[in-house]
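S.K.: My questions will all concern the structure given below.
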Amino acid sequence: MASLRDIKNRISSTTKMKQITKAMEMVSASKLNKAEQNVKSFVPYSEKMEEVVGSIANGNTDAQHPMLQKRDVKKTGYIVITSDRGLAGAYNSSVLRNVFRTINERHNSSNEYTVVAIGRIGYEFFKKRDMPIAKSIIGLADQPDFAEIKELASETVQMFTDEEIDELNIYYNHYVSAISQEVTSKKILPITDIEGKAGMSGSQYEYEPDQEQILKVLLPQYAESLIYGALLDGKASEHAARRTAMNSASDNAEDIIDDLSLSYNRARQAAITQEITEIIGGVAALE
Amino acid sequence: MKTLTVSVVTPDGPVLEDSFDMVSCKAENGELGILPGHIPMVAPLTISGVRLKRENDTERLAVNGGFLEVRPDKVTILAQSAEKPSEINVDRAQEAKTRAEKRLQSKQDDIDFQRAELALKRATNRLEISR
């Protein structure tokens, strides 16, 4: 059996660990709050964007734009959103596993796809496996601005325009609730599944100068906004996942401390009993 | 008198929502002035200032990468960024301007002129609005 001092050391180190995980839990909880707000404040922009793009794309079938057209897929782009740091439970591994499997199923050689990695964990994952990384961004703020991601987003969209890639998918954790996040994949480009919001009756717009010009400006912006939206969603999930992970870590630490205190007390009692027996034994020997 | 509800939305959240008498802005092919009762319209905006007029005062916004959606009683400006004069960081804009100018003048081949030009436009626009 471990000695009294050993057990005491373990108790105190576990207590310290619990303090840390508890603090991290609370930090993540407040970040999650902020991230939820960010997602909310992005909603009006994305809804409006969808409405306008939808009404243009649906209103007239003769509006043509390369981003609306399906091409033969020679190369696929995958945007993968992960976090920069670990300690977030299955947050990163579930996305990465999903992407890795999909890529292995769909492609035979590494010429057929490329990865755009957002977050250090994802970047290192693909780098270690010698998979092609077209672009990456590391060290995004916990509450990213649009400006931080804009360059990466527009360069990625540009890759599609330049026909470097013929399809663009995004993988991230969708924030369902504070305790549940879901790996989601979305096809961003080409834009095929826009349904115009039927709610806007009679929204036949005049276009200034004309539809094609507007689509040229609008569609890249739309695609960029999808990427940003996914990033905000992913960040909210990250904080939620970390909060849950830290919460269960604190709980586990608590359990361990309970168990250890029990065996500590048992050992202490055993030691006392032994001492008493020895004393009594000593006294008996003297008589 | 009729008014227009103007809302300015960016990915980082709504910037402004209020009613005004008139909106004037610079679209890709020229200045646009919008009064209440305008027919529904969509137009892309240049990197420029948007002026929102009320009876006797005018609000200005520095808009970048946006477009305008007009409905008879409502104008929505969707932009990648939109700033009120008070929110503009003049020093940063000034710095960005000098940097972009330097880049444009250096005349090296490996420089993305289009991007430098856009950066310059954004910076000049911000400076102008903040004045």
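Going by the structure tokens order, chains are called A, B, ..., each with residues numbered from 1, while ligands are numbered from 1 in the order shown.
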Could you give me, as a Markdown table, every chain A residue with an atom at most 7 Å from chain B, plus its closest atom pair and distance in Å to one decimal, counting only C-alpha atoms, rows ordered by chain then number?
M.R.:
| residue | atom | partner | partner_atom | distance |
| --- | --- | --- | --- | --- |
| A:Ser41 | CA | B:Gly13 | CA | 4.4 |
| A:Phe42 | CA | B:Pro11 | CA | 5.1 |
| A:Tyr45 | CA | B:Val9 | CA | 5.7 |
| A:Asp145 | CA | B:Asp12 | CA | 6.5 |
| A:Phe146 | CA | B:Pro11 | CA | 6.3 |
| A:Gln204 | CA | B:Pro40 | CA | 6.8 |
| A:Tyr205 | CA | B:Met41 | CA | 4.6 |
| A:Glu206 | CA | B:Met41 | CA | 4.3 |
| A:Tyr207 | CA | B:Val42 | CA | 5.2 |
| A:Glu208 | CA | B:Ala43 | CA | 4.9 |
| A:Pro209 | CA | B:Asn29 | CA | 6.9 |
| A:Ile214 | CA | B:Pro44 | CA | 6.3 |
| A:Val217 | CA | B:Pro44 | CA | 7.0 |
S.K.: Where does DSSP see helix (DSSP H, G or I) in stretch 30-118 of chain A, if you list the residues as a PyMOL selection string?
M.R.: chain A and resi 30-59+66-68+91-106
S.K.: Could you turn the residues from that selection into a file that holds N, CA and C atoms, as a tab-separated table (two decimals), in the first residue's frame?
M.R.:
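Written out: part_37.tsv:
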chain	number	residue	atom	x	y	z
A	30	SER	N	-17.28	31.61	-20.52
A	30	SER	CA	-17.51	33.01	-20.88
A	30	SER	C	-17.18	33.24	-22.36
A	31	LYS	N	-16.16	32.51	-22.88
A	31	LYS	CA	-15.87	32.64	-24.30
A	31	LYS	C	-17.01	32.12	-25.15
A	32	LEU	N	-17.61	31.05	-24.64
A	32	LEU	CA	-18.74	30.47	-25.37
A	32	LEU	C	-19.87	31.48	-25.48
A	33	ASN	N	-20.11	32.17	-24.37
A	33	ASN	CA	-21.14	33.20	-24.38
A	33	ASN	C	-20.90	34.21	-25.48
A	34	LYS	N	-19.66	34.70	-25.51
A	34	LYS	CA	-19.28	35.71	-26.51
A	34	LYS	C	-19.42	35.13	-27.93
A	35	ALA	N	-18.97	33.89	-28.09
A	35	ALA	CA	-19.02	33.28	-29.42
A	35	ALA	C	-20.46	33.11	-29.89
A	36	GLU	N	-21.33	32.78	-28.94
A	36	GLU	CA	-22.74	32.67	-29.30
A	36	GLU	C	-23.28	34.01	-29.80
A	37	GLN	N	-22.86	35.06	-29.11
A	37	GLN	CA	-23.29	36.40	-29.53
A	37	GLN	C	-22.79	36.72	-30.93
A	38	ASN	N	-21.51	36.36	-31.20
A	38	ASN	CA	-20.97	36.61	-32.53
A	38	ASN	C	-21.78	35.90	-33.60
A	39	VAL	N	-22.13	34.64	-33.31
A	39	VAL	CA	-22.92	33.91	-34.28
A	39	VAL	C	-24.23	34.62	-34.52
A	40	LYS	N	-24.82	35.10	-33.43
A	40	LYS	CA	-26.11	35.78	-33.55
A	40	LYS	C	-25.98	37.06	-34.37
A	41	SER	N	-24.91	37.81	-34.13
A	41	SER	CA	-24.83	39.09	-34.84
A	41	SER	C	-24.46	38.89	-36.30
A	42	PHE	N	-24.00	37.70	-36.64
A	42	PHE	CA	-23.68	37.42	-38.04
A	42	PHE	C	-24.94	37.01	-38.81
A	43	VAL	N	-25.94	36.53	-38.09
A	43	VAL	CA	-27.13	36.00	-38.74
A	43	VAL	C	-27.82	36.99	-39.69
A	44	PRO	N	-28.05	38.26	-39.26
A	44	PRO	CA	-28.72	39.16	-40.21
A	44	PRO	C	-27.98	39.30	-41.53
A	45	TYR	N	-26.65	39.37	-41.45
A	45	TYR	CA	-25.86	39.52	-42.67
A	45	TYR	C	-26.05	38.31	-43.58
A	46	SER	N	-25.92	37.11	-43.00
A	46	SER	CA	-25.97	35.92	-43.85
A	46	SER	C	-27.37	35.70	-44.41
A	47	GLU	N	-28.37	36.02	-43.59
A	47	GLU	CA	-29.73	35.83	-44.09
A	47	GLU	C	-30.03	36.74	-45.27
A	48	LYS	N	-29.63	37.99	-45.10
A	48	LYS	CA	-29.86	38.97	-46.16
A	48	LYS	C	-29.12	38.56	-47.42
A	49	MET	N	-27.88	38.13	-47.22
A	49	MET	CA	-27.05	37.71	-48.33
A	49	MET	C	-27.73	36.58	-49.09
A	50	GLU	N	-28.20	35.59	-48.33
A	50	GLU	CA	-28.84	34.44	-48.95
A	50	GLU	C	-30.07	34.86	-49.72
A	51	GLU	N	-30.81	35.80	-49.12
A	51	GLU	CA	-32.04	36.25	-49.74
A	51	GLU	C	-31.75	36.89	-51.09
A	52	VAL	N	-30.77	37.79	-51.10
A	52	VAL	CA	-30.48	38.51	-52.34
A	52	VAL	C	-29.89	37.57	-53.39
A	53	VAL	N	-28.92	36.75	-52.97
A	53	VAL	CA	-28.31	35.81	-53.93
A	53	VAL	C	-29.39	34.88	-54.46
A	54	GLY	N	-30.23	34.38	-53.56
A	54	GLY	CA	-31.30	33.48	-53.97
A	54	GLY	C	-32.23	34.12	-54.97
A	55	SER	N	-32.60	35.36	-54.71
A	55	SER	CA	-33.58	35.97	-55.60
A	55	SER	C	-32.97	36.29	-56.95
A	56	ILE	N	-31.67	36.57	-56.98
A	56	ILE	CA	-31.05	36.80	-58.28
A	56	ILE	C	-30.87	35.48	-59.02
A	57	ALA	N	-30.37	34.49	-58.32
A	57	ALA	CA	-30.08	33.23	-58.98
A	57	ALA	C	-31.35	32.52	-59.44
A	58	ASN	N	-32.41	32.70	-58.67
A	58	ASN	CA	-33.65	32.03	-59.04
A	58	ASN	C	-34.48	32.85	-60.02
A	59	GLY	N	-34.42	34.16	-59.85
A	59	GLY	CA	-35.26	35.04	-60.65
A	59	GLY	C	-35.03	34.84	-62.13
A	66	PRO	N	-19.45	31.49	-63.45
A	66	PRO	CA	-18.71	30.24	-63.23
A	66	PRO	C	-18.95	29.61	-61.86
A	67	MET	N	-19.25	30.46	-60.87
A	67	MET	CA	-19.43	29.88	-59.54
A	67	MET	C	-20.74	29.12	-59.39
A	68	LEU	N	-21.64	29.32	-60.34
A	68	LEU	CA	-22.92	28.62	-60.25
A	68	LEU	C	-22.89	27.34	-61.06
A	91	TYR	N	-13.33	17.37	-29.93
A	91	TYR	CA	-13.62	18.43	-30.91
A	91	TYR	C	-12.80	18.27	-32.18
A	92	ASN	N	-11.48	18.21	-32.04
A	92	ASN	CA	-10.63	18.14	-33.22
A	92	ASN	C	-10.64	16.77	-33.86
A	93	SER	N	-10.54	15.74	-33.01
A	93	SER	CA	-10.37	14.41	-33.58
A	93	SER	C	-11.59	14.00	-34.39
A	94	SER	N	-12.78	14.42	-33.98
A	94	SER	CA	-13.94	13.96	-34.74
A	94	SER	C	-13.97	14.60	-36.12
A	95	VAL	N	-13.61	15.88	-36.21
A	95	VAL	CA	-13.58	16.51	-37.54
A	95	VAL	C	-12.50	15.86	-38.39
A	96	LEU	N	-11.32	15.71	-37.81
A	96	LEU	CA	-10.20	15.21	-38.59
A	96	LEU	C	-10.46	13.78	-39.06
A	97	ARG	N	-11.02	12.98	-38.17
A	97	ARG	CA	-11.32	11.61	-38.56
A	97	ARG	C	-12.27	11.59	-39.75
A	98	ASN	N	-13.30	12.42	-39.64
A	98	ASN	CA	-14.29	12.49	-40.70
A	98	ASN	C	-13.66	12.89	-42.04
A	99	VAL	N	-12.87	13.95	-42.02
A	99	VAL	CA	-12.24	14.42	-43.26
A	99	VAL	C	-11.30	13.36	-43.81
A	100	PHE	N	-10.51	12.78	-42.92
A	100	PHE	CA	-9.51	11.82	-43.34
A	100	PHE	C	-10.18	10.64	-44.03
A	101	ARG	N	-11.26	10.20	-43.45
A	101	ARG	CA	-11.97	9.07	-44.03
A	101	ARG	C	-12.53	9.45	-45.40
A	102	THR	N	-13.18	10.61	-45.45
A	102	THR	CA	-13.77	11.04	-46.71
A	102	THR	C	-12.72	11.14	-47.80
A	103	ILE	N	-11.59	11.74	-47.47
A	103	ILE	CA	-10.56	11.91	-48.47
A	103	ILE	C	-10.06	10.56	-48.95
A	104	ASN	N	-9.84	9.64	-48.02
A	104	ASN	CA	-9.35	8.33	-48.41
A	104	ASN	C	-10.36	7.56	-49.25
A	105	GLU	N	-11.63	7.80	-48.98
A	105	GLU	CA	-12.64	7.10	-49.77
A	105	GLU	C	-12.73	7.66	-51.17
A	106	ARG	N	-12.62	8.99	-51.26
A	106	ARG	CA	-12.89	9.60	-52.55
A	106	ARG	C	-11.70	9.66	-53.48
S.K.: Looking only at the backbone, which of the residues in stretch 23-240 of chain A does DSSP tag as strand (DSSP E or B), as a PyMOL selection string?
M.R.: chain A and resi 76-81+113-118+133-137+167-177+180-189+206-207
S.K.: Which residues come within 12 Å of A:Thr184, counting only C-alpha atoms, excluding same-chain residues fewer than 3 positions away, as a PyMOL selection string?
M.R.: chain A and resi 79-81+94-96+98-99+169-176+181+187+230-231+233-234+237
S.K.: Please produce an output containing C-alpha atoms for each residue in the selection, written as a compact mmCIF listing (two decimals), in the first residue's frame.
M.R.:
# COMPACT_ATOMS: atom_id res chain seq x y z
CA ILE A 79 -11.53 23.56 -45.75
CA VAL A 80 -11.07 22.05 -42.32
CA ILE A 81 -11.78 24.07 -39.20
CA SER A 94 -13.94 13.96 -34.74
CA VAL A 95 -13.58 16.51 -37.54
CA LEU A 96 -10.20 15.21 -38.59
CA ASN A 98 -14.29 12.49 -40.70
CA VAL A 99 -12.24 14.42 -43.26
CA ASN A 169 -16.14 21.62 -49.26
CA ILE A 170 -15.96 22.77 -45.68
CA TYR A 171 -15.76 20.57 -42.60
CA TYR A 172 -16.40 21.90 -39.15
CA ASN A 173 -18.21 21.23 -35.90
CA HIS A 174 -21.68 22.63 -36.00
CA TYR A 175 -22.84 24.09 -32.71
CA VAL A 176 -26.07 22.33 -31.80
CA GLN A 181 -21.64 19.54 -31.46
CA LYS A 187 -20.35 22.17 -50.19
CA ALA A 230 -18.74 28.20 -40.52
CA LEU A 231 -15.76 29.57 -38.64
CA ASP A 233 -20.02 28.22 -35.72
CA GLY A 234 -16.84 26.19 -35.28
CA SER A 237 -18.46 24.61 -30.80
S.K.: Tell me, in Å to one decimal, how far atom CA of B:Ala93 is from atom CA of A:Gly229.
M.R.: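 For atom CA of B:Ala93 relative to atom CA of A:Gly229, the distance reads 26.8 Å.
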S.K.: For atom CA of A:Glu163 and atom CA of A:Thr76, quote the distance in Å rounded to one decimal.
M.R.: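 Computing it gives 10.4 Å between the two atoms.
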